[in-house]
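Engineer: CSV, C-alpha atoms, file my_file06.csv:
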```
chain,number,residue,atom,x,y,z
A,1,MET,CA,-5.1,63.0,-92.2
A,2,THR,CA,-2.3,60.5,-91.8
A,3,THR,CA,-2.6,56.8,-92.5
A,4,GLY,CA,-1.0,54.1,-90.5
A,5,ALA,CA,1.5,53.8,-93.3
A,6,ASP,CA,2.6,57.4,-92.7
A,7,LEU,CA,3.1,56.7,-89.0
A,8,VAL,CA,5.3,53.8,-90.0
A,9,ALA,CA,7.4,56.0,-92.4
A,10,ASP,CA,7.8,58.6,-89.6
A,11,ALA,CA,8.8,56.0,-87.1
A,12,MET,CA,11.4,54.5,-89.6
A,13,LEU,CA,13.0,57.9,-89.7
A,14,GLU,CA,12.9,58.1,-85.9
A,15,ALA,CA,14.5,54.7,-85.8
A,16,GLY,CA,17.5,55.9,-87.9
A,17,ILE,CA,16.7,53.7,-90.9
A,18,ASP,CA,18.6,55.1,-93.9
A,19,PHE,CA,18.5,52.4,-96.5
A,20,VAL,CA,15.3,50.6,-97.6
A,21,ALA,CA,14.8,47.7,-100.0
A,22,THR,CA,11.2,47.3,-101.2
A,23,LEU,CA,8.9,45.0,-103.1
A,24,PRO,CA,5.4,46.2,-103.3
A,25,ASP,CA,2.1,44.9,-102.1
A,26,TRP,CA,-1.1,46.8,-102.8
A,27,ASN,CA,-1.5,47.6,-99.1
A,28,LEU,CA,2.2,48.8,-98.9
A,29,GLY,CA,1.5,51.4,-101.6
A,30,ARG,CA,1.4,54.5,-99.3
A,31,LEU,CA,4.4,53.4,-97.3
A,32,ILE,CA,6.5,52.8,-100.5
A,33,GLU,CA,5.3,56.1,-101.9
A,34,ARG,CA,6.7,57.8,-98.7
A,35,ILE,CA,9.9,55.8,-99.1
A,36,GLU,CA,10.3,57.0,-102.7
A,37,LYS,CA,9.9,60.6,-101.7
A,38,GLU,CA,12.2,60.6,-98.7
A,39,PRO,CA,15.6,62.0,-99.6
A,40,ARG,CA,17.2,60.7,-96.5
A,41,TRP,CA,16.6,57.1,-97.6
A,42,LYS,CA,18.4,55.1,-100.3
A,43,GLN,CA,15.8,52.9,-101.9
A,44,VAL,CA,16.5,49.7,-103.8
A,45,ARG,CA,13.6,48.3,-105.8
A,46,LEU,CA,13.7,44.5,-105.7
A,47,CYS,CA,12.6,41.8,-108.1
A,48,ARG,CA,12.4,39.1,-105.4
A,49,GLU,CA,12.5,39.5,-101.7
A,50,GLU,CA,15.5,37.2,-100.9
A,51,GLU,CA,17.9,39.4,-102.8
A,52,GLY,CA,16.8,42.2,-100.4
A,53,VAL,CA,18.2,40.2,-97.5
A,54,GLY,CA,21.6,40.2,-99.3
A,55,ILE,CA,21.4,43.8,-100.3
A,56,CYS,CA,20.5,44.9,-96.7
A,57,ALA,CA,23.3,42.8,-95.4
A,58,GLY,CA,25.8,44.5,-97.7
A,59,ALA,CA,24.4,47.9,-96.7
A,60,TYR,CA,24.8,47.0,-93.0
A,61,LEU,CA,28.4,45.9,-93.5
A,62,ALA,CA,29.0,49.4,-95.0
A,63,GLY,CA,27.5,51.1,-91.9
A,64,LYS,CA,23.9,51.6,-93.0
A,65,LYS,CA,20.7,50.9,-91.0
A,66,PRO,CA,18.7,48.9,-93.5
A,67,ALA,CA,15.0,47.9,-93.6
A,68,LEU,CA,13.4,45.4,-95.9
A,69,VAL,CA,9.8,46.2,-96.8
A,70,MET,CA,7.8,43.3,-98.3
A,71,GLN,CA,4.7,41.1,-98.0
A,72,ASN,CA,4.6,38.0,-95.9
A,73,GLY,CA,4.7,35.9,-99.1
A,74,GLY,CA,8.1,37.6,-99.6
A,75,LEU,CA,9.2,36.5,-96.1
A,76,MET,CA,8.6,32.9,-97.3
A,77,ASN,CA,10.8,33.7,-100.4
A,78,SER,CA,13.5,35.0,-98.1
A,79,VAL,CA,14.0,32.2,-95.7
A,80,ASN,CA,17.3,30.7,-96.9
A,81,GLY,CA,18.8,34.2,-97.1
A,82,LEU,CA,17.6,35.0,-93.6
A,83,VAL,CA,19.1,31.8,-92.2
A,84,THR,CA,22.4,31.6,-94.0
A,85,THR,CA,23.2,35.3,-94.3
A,86,SER,CA,21.4,37.3,-91.6
A,87,LEU,CA,21.3,34.8,-88.8
A,88,GLN,CA,24.5,33.0,-89.7
A,89,PHE,CA,26.6,36.2,-89.9
A,90,GLU,CA,24.7,38.0,-87.1
A,91,ILE,CA,23.5,40.7,-89.3
A,92,PRO,CA,20.6,42.9,-88.1
A,93,THR,CA,17.8,44.1,-90.5
A,94,LEU,CA,14.5,45.6,-89.7
A,95,LEU,CA,11.8,43.6,-91.6
A,96,LEU,CA,8.6,45.5,-92.3
A,97,ILE,CA,6.1,42.9,-93.5
A,98,TYR,CA,2.6,43.4,-94.7
A,99,TYR,CA,0.5,40.8,-92.9
A,100,ALA,CA,-1.6,39.4,-95.7
A,101,GLY,CA,-4.2,36.9,-94.3
A,102,ASP,CA,-4.2,38.6,-90.9
A,103,ILE,CA,-7.4,38.6,-88.9
A,104,ASN,CA,-10.3,40.4,-90.6
A,105,THR,CA,-8.6,40.3,-94.0
A,106,ARG,CA,-9.8,38.2,-96.9
A,107,PHE,CA,-7.6,36.1,-99.2
A,108,PHE,CA,-4.1,34.9,-98.5
A,109,SER,CA,-5.3,33.1,-95.4
A,110,THR,CA,-2.8,30.2,-96.0
A,111,VAL,CA,0.2,32.5,-95.9
A,112,GLY,CA,-1.5,34.3,-93.0
A,113,HIS,CA,-1.7,31.0,-91.1
A,114,MET,CA,2.0,30.3,-91.7
A,115,THR,CA,3.5,33.7,-91.1
A,116,GLU,CA,4.0,33.7,-87.3
A,117,PRO,CA,4.9,30.0,-87.1
A,118,VAL,CA,7.7,30.7,-89.7
A,119,LEU,CA,9.0,33.7,-87.8
A,120,ASN,CA,8.9,31.6,-84.6
A,121,ALA,CA,10.7,28.7,-86.3
A,122,LEU,CA,13.5,31.1,-87.4
A,123,GLY,CA,13.8,32.6,-84.0
A,124,ILE,CA,13.0,36.0,-85.5
A,125,ARG,CA,11.3,38.2,-82.9
A,126,TYR,CA,8.3,40.1,-84.2
A,127,PHE,CA,5.7,42.7,-83.2
A,128,ILE,CA,2.3,43.3,-84.8
A,129,LEU,CA,0.9,46.7,-85.6
A,130,ARG,CA,-2.9,46.6,-85.7
A,131,GLU,CA,-3.6,49.9,-83.9
A,132,ARG,CA,-2.3,53.4,-84.3
A,133,GLU,CA,-1.2,53.6,-80.7
A,134,GLY,CA,2.5,53.3,-80.0
A,135,VAL,CA,3.7,52.9,-83.5
A,136,THR,CA,6.9,54.9,-83.0
A,137,LYS,CA,7.8,53.0,-79.9
A,138,ILE,CA,7.2,49.6,-81.6
A,139,VAL,CA,9.2,50.5,-84.8
A,140,THR,CA,12.1,52.1,-83.0
A,141,GLY,CA,12.0,49.4,-80.4
A,142,ALA,CA,12.2,46.7,-83.0
A,143,ALA,CA,15.1,48.4,-84.6
A,144,VAL,CA,17.0,48.7,-81.3
A,145,SER,CA,16.2,45.0,-80.6
A,146,ALA,CA,17.6,44.1,-84.1
A,147,TRP,CA,20.8,46.1,-83.7
A,148,ASP,CA,21.4,45.1,-80.1
A,149,SER,CA,20.8,41.4,-80.8
A,150,ARG,CA,22.4,41.5,-84.3
A,151,ARG,CA,19.5,39.6,-85.8
A,152,PRO,CA,16.6,40.5,-88.0
A,153,VAL,CA,13.5,41.7,-86.2
A,154,ALA,CA,10.1,41.9,-87.8
A,155,VAL,CA,7.2,44.3,-87.6
A,156,LEU,CA,4.0,42.8,-89.1
A,157,LEU,CA,1.7,45.4,-90.6
A,158,ASN,CA,-2.1,44.8,-90.6
A,159,ARG,CA,-4.1,46.1,-93.5
A,160,ASP,CA,-6.7,48.1,-91.6
A,161,PHE,CA,-3.9,49.7,-89.6
A,162,LEU,CA,-1.9,50.7,-92.7
A,163,ARG,CA,-4.8,52.1,-94.6
A,164,GLY,CA,-6.8,53.6,-91.7
A,165,GLU,CA,-6.7,57.4,-91.3
A,166,GLY,CA,-6.6,59.3,-88.1
B,1,MET,CA,41.9,28.5,-118.9
B,2,THR,CA,41.2,28.0,-115.2
B,3,ARG,CA,39.5,30.2,-112.6
B,4,PHE,CA,42.7,30.2,-110.6
B,5,GLU,CA,44.8,31.5,-113.5
B,6,CYS,CA,42.3,34.3,-114.0
B,7,LEU,CA,42.2,35.3,-110.3
B,8,LYS,CA,46.0,35.1,-110.2
B,9,ALA,CA,46.2,37.6,-113.1
B,10,ILE,CA,44.1,40.2,-111.2
B,11,ALA,CA,45.2,39.6,-107.5
B,12,ALA,CA,47.8,42.3,-107.6
B,13,LYS,CA,45.7,44.7,-109.6
B,14,VAL,CA,42.6,45.2,-107.5
B,15,GLY,CA,44.2,47.5,-104.9
B,16,ASP,CA,42.0,48.1,-102.0
B,17,ALA,CA,38.8,47.0,-103.7
B,18,LEU,CA,36.3,45.2,-101.5
B,19,VAL,CA,35.8,41.6,-102.8
B,20,VAL,CA,32.8,39.5,-102.1
B,21,CYS,CA,33.1,35.8,-103.0
B,22,SER,CA,30.4,33.4,-103.8
B,23,ALA,CA,29.4,30.3,-101.7
B,24,GLY,CA,31.7,28.2,-103.9
B,25,GLY,CA,35.2,27.3,-105.0
B,26,ALA,CA,36.3,30.8,-106.0
B,27,THR,CA,36.6,31.8,-102.3
B,28,THR,CA,39.4,29.4,-101.5
B,29,ASP,CA,41.3,30.4,-104.6
B,30,TRP,CA,40.9,34.1,-103.9
B,31,TYR,CA,41.6,34.1,-100.2
B,32,HIS,CA,44.8,32.2,-101.1
B,33,LEU,CA,45.8,34.6,-103.9
B,34,ARG,CA,44.8,37.8,-102.2
B,35,PRO,CA,44.8,37.5,-98.4
B,36,SER,CA,43.1,40.6,-97.2
B,37,GLU,CA,40.7,41.9,-94.6
B,38,GLY,CA,38.8,43.3,-97.5
B,39,ASN,CA,37.5,39.9,-98.6
B,40,PHE,CA,34.1,38.6,-97.6
B,41,ARG,CA,32.7,35.1,-98.2
B,42,SER,CA,29.0,34.8,-98.7
B,43,ARG,CA,27.2,31.6,-97.7
B,44,THR,CA,23.8,31.8,-99.4
B,45,LEU,CA,24.0,30.5,-102.9
B,46,GLY,CA,23.1,33.4,-105.2
B,47,LEU,CA,23.3,36.3,-102.7
B,48,VAL,CA,26.9,37.2,-103.3
B,49,SER,CA,25.9,39.7,-106.0
B,50,SER,CA,23.2,41.2,-103.7
B,51,ILE,CA,25.6,41.6,-100.9
B,52,GLY,CA,28.0,43.3,-103.3
B,53,LEU,CA,25.2,45.6,-104.6
B,54,GLY,CA,24.3,46.7,-101.0
B,55,LEU,CA,28.0,47.4,-100.4
B,56,ALA,CA,28.5,49.3,-103.7
B,57,LEU,CA,25.4,51.5,-103.1
B,58,SER,CA,26.4,52.3,-99.6
B,59,LEU,CA,30.1,53.0,-100.4
B,60,PRO,CA,29.8,54.9,-103.7
B,61,ASP,CA,33.5,56.0,-103.7
B,62,ARG,CA,34.9,52.5,-103.3
B,63,LYS,CA,35.2,49.7,-105.9
B,64,VAL,CA,33.3,46.5,-105.1
B,65,ILE,CA,34.1,43.3,-106.9
B,66,VAL,CA,31.8,40.3,-106.8
B,67,LEU,CA,33.3,36.9,-107.6
B,68,ASP,CA,30.4,34.7,-108.7
B,69,GLY,CA,29.9,31.3,-110.3
B,70,ASP,CA,27.4,30.2,-112.9
B,71,GLY,CA,25.3,28.2,-110.4
B,72,SER,CA,25.1,31.0,-108.0
B,73,ALA,CA,24.4,33.6,-110.7
B,74,LEU,CA,21.6,31.5,-112.1
B,75,MET,CA,20.0,31.2,-108.6
B,76,ASN,CA,19.8,35.0,-108.3
B,77,LEU,CA,19.1,36.0,-111.9
B,78,CYS,CA,16.6,38.5,-110.7
B,79,GLY,CA,19.5,40.4,-109.0
B,80,LEU,CA,20.7,41.5,-112.4
B,81,PRO,CA,17.8,43.8,-113.3
B,82,THR,CA,17.8,45.0,-109.7
B,83,ALA,CA,21.5,46.0,-110.0
B,84,ALA,CA,21.0,47.5,-113.5
B,85,PHE,CA,18.1,49.6,-112.2
B,86,ALA,CA,20.1,50.9,-109.2
B,87,ALA,CA,23.2,51.1,-111.5
B,88,PRO,CA,26.1,51.7,-109.1
B,89,GLY,CA,29.1,52.6,-111.3
B,90,ASN,CA,31.5,51.1,-108.7
B,91,LEU,CA,30.3,47.5,-108.9
B,92,ILE,CA,32.0,44.8,-111.0
B,93,HIS,CA,30.2,41.5,-111.2
B,94,ILE,CA,32.5,38.7,-112.4
B,95,VAL,CA,31.1,35.2,-113.2
B,96,PHE,CA,33.3,32.2,-113.6
B,97,ASP,CA,31.2,29.9,-115.8
B,98,ASN,CA,32.3,26.3,-115.7
B,99,ARG,CA,28.9,25.0,-116.6
B,100,VAL,CA,28.5,22.8,-113.5
B,101,TYR,CA,27.6,23.1,-109.9
B,102,GLU,CA,31.3,22.5,-108.9
B,103,SER,CA,30.7,22.4,-105.2
B,104,SER,CA,27.6,20.2,-105.5
B,105,ALA,CA,28.8,17.0,-107.2
B,106,ALA,CA,29.4,18.7,-110.5
B,107,SER,CA,26.1,18.2,-112.2
B,108,VAL,CA,25.5,20.5,-115.1
B,109,THR,CA,23.9,24.0,-115.0
B,110,ALA,CA,21.8,25.7,-117.6
B,111,THR,CA,24.9,27.3,-119.1
B,112,ALA,CA,25.9,23.9,-120.3
B,113,GLY,CA,22.8,24.4,-122.5
B,114,PRO,CA,21.9,27.5,-124.5
B,115,THR,CA,22.0,30.0,-121.7
B,116,ASP,CA,24.4,32.9,-122.2
B,117,LEU,CA,24.9,34.8,-118.9
B,118,VAL,CA,26.5,37.8,-120.5
B,119,ALA,CA,23.6,38.2,-122.8
B,120,VAL,CA,21.3,37.9,-119.8
B,121,ALA,CA,23.2,40.7,-118.0
B,122,ARG,CA,23.1,42.8,-121.1
B,123,GLY,CA,19.3,42.2,-121.5
B,124,ALA,CA,18.9,43.0,-117.8
B,125,GLY,CA,20.4,46.4,-118.6
B,126,PHE,CA,24.0,46.3,-117.5
B,127,PRO,CA,25.7,49.1,-119.5
B,128,ARG,CA,28.7,47.0,-120.0
B,129,ALA,CA,28.6,43.2,-120.1
B,130,VAL,CA,31.4,41.2,-121.8
B,131,TRP,CA,32.8,37.7,-122.2
B,132,ALA,CA,36.6,37.5,-121.6
B,133,GLY,CA,38.1,34.9,-123.9
B,134,SER,CA,41.6,34.6,-122.4
B,135,VAL,CA,43.4,35.3,-119.1
B,136,ASP,CA,44.8,38.5,-120.7
B,137,GLU,CA,41.4,39.7,-121.9
B,138,PHE,CA,40.0,39.0,-118.5
B,139,ALA,CA,42.7,40.9,-116.6
B,140,ARG,CA,42.2,43.8,-119.1
B,141,ALA,CA,38.5,43.9,-118.6
B,142,VAL,CA,38.9,44.0,-114.8
B,143,THR,CA,41.5,46.7,-114.9
B,144,ASP,CA,39.4,48.8,-117.3
B,145,ALA,CA,36.3,48.4,-115.1
B,146,LEU,CA,38.4,49.4,-112.0
B,147,ALA,CA,39.6,52.5,-113.9
B,148,GLY,CA,36.1,53.4,-115.2
B,149,SER,CA,32.9,54.2,-113.5
B,150,GLN,CA,30.4,52.0,-115.2
B,151,LEU,CA,28.4,49.1,-113.8
B,152,THR,CA,30.2,46.1,-115.4
B,153,PHE,CA,29.5,42.4,-115.8
B,154,ILE,CA,32.4,40.2,-116.9
B,155,GLY,CA,31.8,36.5,-117.8
B,156,VAL,CA,34.7,34.1,-118.3
B,157,ARG,CA,34.3,30.4,-119.4
B,158,VAL,CA,36.7,28.3,-117.4
B,159,GLU,CA,37.4,24.6,-117.2
B,160,LEU,CA,36.3,22.6,-114.2
B,161,GLY,CA,38.7,22.2,-111.3
B,162,ARG,CA,40.4,23.9,-108.5
B,163,PRO,CA,43.9,23.6,-107.1
B,164,ASP,CA,44.6,21.7,-103.9
B,165,LEU,CA,44.6,24.5,-101.4
B,166,PRO,CA,44.0,24.3,-97.6
B,167,PRO,CA,40.5,25.3,-96.5
B,168,ILE,CA,39.7,28.7,-95.1
B,169,THR,CA,39.7,28.4,-91.3
B,170,MET,CA,38.0,31.8,-90.6
B,171,ASP,CA,34.6,31.6,-89.0
B,172,ASP,CA,31.8,33.5,-90.8
B,173,VAL,CA,31.2,35.9,-87.9
B,174,GLU,CA,34.9,36.5,-87.6
B,175,ASN,CA,35.0,37.3,-91.3
B,176,LYS,CA,32.2,39.8,-90.8
B,177,TYR,CA,34.0,41.6,-88.0
B,178,ARG,CA,37.3,41.7,-89.8
B,179,PHE,CA,35.7,42.9,-93.0
B,180,VAL,CA,33.8,45.7,-91.3
B,181,ARG,CA,36.8,46.8,-89.1
B,182,HIS,CA,38.7,47.0,-92.4
B,183,ILE,CA,36.0,49.2,-93.9
B,184,GLU,CA,36.0,51.4,-90.8
B,185,GLN,CA,39.8,51.9,-91.3
B,186,LEU,CA,39.4,52.6,-95.0
B,187,GLU,CA,36.6,55.0,-94.4
B,188,GLY,CA,37.9,56.6,-91.2
B,189,ARG,CA,34.5,56.2,-89.4
B,190,ALA,CA,32.9,53.9,-86.9
B,191,ILE,CA,30.4,51.3,-88.1
B,192,PHE,CA,30.0,49.0,-85.1
B,193,GLY,CA,29.1,50.8,-81.9
B,194,THR,CA,27.5,53.7,-83.6
B,195,SER,CA,24.5,55.3,-81.9
B,196,TYR,CA,21.3,53.4,-81.7
B,197,PRO,CA,17.9,55.0,-81.9
B,198,ASP,CA,16.6,55.9,-78.5
B,199,ALA,CA,14.4,53.2,-77.0
```
Just dump the structure as structure tokens.
Structural biologist:
Amino acid sequence: MTTGADLVADAMLEAGIDFVATLPDWNLGRLIERIEKEPRWKQVRLCREEEGVGICAGAYLAGKKPALVMQNGGLMNSVNGLVTTSLQFEIPTLLLIYYAGDINTRFFSTVGHMTEPVLNALGIRYFILREREGVTKIVTGAAVSAWDSRRPVAVLLNRDFLRGEG
Amino acid sequence: MTRFECLKAIAAKVGDALVVCSAGGATTDWYHLRPSEGNFRSRTLGLVSSIGLGLALSLPDRKVIVLDGDGSALMNLCGLPTAAFAAPGNLIHIVFDNRVYESSAASVTATAGPTDLVAVARGAGFPRAVWAGSVDEFARAVTDALAGSQLTFIGVRVELGRPDLPPITMDDVENKYRFVRHIEQLEGRAIFGTSYPDA
């Protein structure tokens, strides 16, 4: 049995991600467990998400393909870094964001309401994973889109998708 | 003691170390004293140390120096435990503490009060964290750190002020390209234009 989180981890490998900065959410537990166990990934454990924007930028300048794994509350914490480091210097990063407050989840509805409007305001393209179909294509496609456009691109991860087994 | 005097004392000693400068006055001083493609200017207050950490972890055989200020370091204090936990031995984090937001109308920072940034770094777990009390002490601390292999934090209390230097005319994106092309040359491998995942 593999969870949606396992599918995301496999797709990150497929996408060539080799450097991952993480800050946990309960629903990211399985994904972060996979990241910790994967020897091909350098993992950095963050204390606050915005520093992850800078760490991923430094890794990119050194030739890595970084991803930042966080909750959507962390996206809100990261906005200045995303604007004045990632976007201003044209630095790609794959943002893997747990979508707290997404449809059919309780709690965090306020941050859920604001997540897509904030990404739209930042001009950050995003894709949403709510189903198990096409995970690899979406994660690898998001990475290609980020690197081709030299901007961060986000994949929003729904709770039932992450935890659901198939 | 001024920041410019300190930077002047190390400009010829850092070799081909990569240097990341804070979004503040240290950048103009440093670009003037050590013109190099191996300099990168950050623009987000606080993130200079994080960019340096990402570089140091990704280039473990190369020295990375972060030139930070007190206002910037205070904005990203949580970056200190993150760096200490990851513990790259090739990262040297220097903070010039003038106790004010020099680039923001010079109102005082928390280090004008009781806050001791070296004590904070030590508490965060930096294996080496020292105050340098003079230009000579500062230069020695930097050369020792460059010769060693220990994650190092160096604080230096400087007076407010910067010399009258022409502004940097390099665009941010230009700085990025030149810095990365420089790393490509140093490392002998391509960074831009490497293979993408298949789409």
Engineer: With all atoms listed in the file as the atoms that count, which of B:Leu186, B:Val20, B:Ala9, B:Ala121 lies nearest to Asp61 in chain B?
Structural biologist: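 So, comparing all the options, the nearest one is B:Leu186.
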Engineer: Of the candidates A:Ala9, A:Leu61, A:Leu119, A:Ile138, which shows the shortest atom-to-atom distance to Arg40 in chain A, using all atoms listed in the file?
Structural biologist: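 Once distances to Arg40 in chain A are computed over all atoms listed in the file, the minimum belongs to A:Ala9.
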Engineer: Record the distance separating CA of Val135 in chain B and CA of Val14 in chain B, expressed in Å with one decimal.
Structural biologist: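 Distance reported for this atom pair: 15.3 Å.
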Engineer: Counting all atoms listed in the file, give me one row per residue of chain A with an atom at most 7 Å from an atom of chain B, showing the shortest contact pair and its distance in Å to one decimal, sorted by chain then residue number, as a tab-separated table.
Structural biologist:
```
residue	atom	partner	partner_atom	distance
A:Ala15	CA	B:Pro197	CA	5.2
A:Gly16	CA	B:Pro197	CA	6.1
A:Val44	CA	B:Ala86	CA	6.6
A:Arg45	CA	B:Thr82	CA	6.6
A:Leu46	CA	B:Thr82	CA	5.7
A:Cys47	CA	B:Cys78	CA	5.8
A:Arg48	CA	B:Cys78	CA	6.8
A:Glu51	CA	B:Ser50	CA	5.7
A:Gly54	CA	B:Ile51	CA	4.5
A:Ile55	CA	B:Gly54	CA	4.2
A:Cys56	CA	B:Gly54	CA	6.0
A:Ala57	CA	B:Ile51	CA	6.1
A:Gly58	CA	B:Gly54	CA	4.2
A:Ala59	CA	B:Gly54	CA	4.5
A:Leu61	CA	B:Val180	CA	5.8
A:Ala62	CA	B:Leu55	CA	5.8
A:Gly63	CA	B:Ile191	CA	4.8
A:Gly81	CA	B:Thr44	CA	6.0
A:Thr84	CA	B:Thr44	CA	5.6
A:Thr85	CA	B:Thr44	CA	6.2
A:Phe89	CA	B:Val173	CA	5.0
A:Glu90	CA	B:Val173	CA	6.9
A:Thr140	CA	B:Ala199	CA	6.5
A:Gly141	CA	B:Ala199	CA	5.6
A:Val144	CA	B:Tyr196	CA	6.4
```
Engineer: Just how far from CA of Ile94 in chain B is CA of Gln88 in chain A, in Å to one decimal?
Structural biologist: 24.7 Å
Engineer: Do a neighbour search on Gly25 in chain B at 12 Å with all atoms listed in the file, toss out local chain neighbours closer than 6 positions, and write the hits as a short mmCIF file (atom, residue, chain, number, x, y, z; two decimals) with C-alpha atoms, in the frame of the given file.
Structural biologist:
```cif
data_model
loop_
_atom_site.label_atom_id
_atom_site.label_comp_id
_atom_site.auth_asym_id
_atom_site.auth_seq_id
_atom_site.Cartn_x
_atom_site.Cartn_y
_atom_site.Cartn_z
CA THR B 2 41.20 28.00 -115.20
CA ARG B 3 39.50 30.20 -112.60
CA PHE B 4 42.70 30.20 -110.60
CA LEU B 7 42.20 35.30 -110.30
CA TYR B 31 41.60 34.10 -100.20
CA HIS B 32 44.80 32.20 -101.10
CA ARG B 41 32.70 35.10 -98.20
CA SER B 42 29.00 34.80 -98.70
CA ARG B 43 27.20 31.60 -97.70
CA LEU B 45 24.00 30.50 -102.90
CA LEU B 67 33.30 36.90 -107.60
CA ASP B 68 30.40 34.70 -108.70
CA GLY B 69 29.90 31.30 -110.30
CA ASP B 70 27.40 30.20 -112.90
CA GLY B 71 25.30 28.20 -110.40
CA SER B 72 25.10 31.00 -108.00
CA PHE B 96 33.30 32.20 -113.60
CA ASP B 97 31.20 29.90 -115.80
CA ASN B 98 32.30 26.30 -115.70
CA VAL B 100 28.50 22.80 -113.50
CA TYR B 101 27.60 23.10 -109.90
CA GLU B 102 31.30 22.50 -108.90
CA SER B 103 30.70 22.40 -105.20
CA SER B 104 27.60 20.20 -105.50
CA ALA B 106 29.40 18.70 -110.50
CA LEU B 160 36.30 22.60 -114.20
CA GLY B 161 38.70 22.20 -111.30
CA ARG B 162 40.40 23.90 -108.50
CA PRO B 163 43.90 23.60 -107.10
CA ASP B 164 44.60 21.70 -103.90
CA LEU B 165 44.60 24.50 -101.40
CA PRO B 166 44.00 24.30 -97.60
CA PRO B 167 40.50 25.30 -96.50
CA ILE B 168 39.70 28.70 -95.10
#
```
Engineer: Please report the interatomic distance between CA of Ala110 in chain B and CA of Gly155 in chain B in Å with one decimal.
Structural biologist: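 Interatomic distance, CA of Ala110 in chain B to CA of Gly155 in chain B: 14.7 Å.
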Engineer: Return the single residue from B:Ala73, B:His93, B:Lys63, B:Ala84 that is closest to Thr115 in chain B, with distances computed using all atoms listed in the file.
Structural biologist: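 Of B:Ala73, B:His93, B:Lys63, B:Ala84, the one nearest Thr115 in chain B is B:Ala73, counting all atoms listed in the file.
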Engineer: For Glu165 in chain A, which of A:Lys37, A:Ala100, A:Arg132, A:Thr105 is the closest residue, counting all atoms listed in the file?
Structural biologist: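 That would be A:Arg132, the residue with the smallest distance to Glu165 in chain A.
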Engineer: Ranking A:Pro24, A:Gly164, A:Gly4, A:Pro152 by minimum distance to Val83 in chain A and counting all atoms listed in the file, which one comes first?
Structural biologist: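 Ranking A:Pro24, A:Gly164, A:Gly4, A:Pro152 by distance to Val83 in chain A, first place goes to A:Pro152.
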Engineer: Could you give me, as a PyMOL selection string, the residues that have an atom at most 10 Å away from the point (42.7, 46.1, -100.7) in the coordinates of the file, using only C-alpha atoms?
Structural biologist: chain B and resi 11-19+34-39+63+182+186
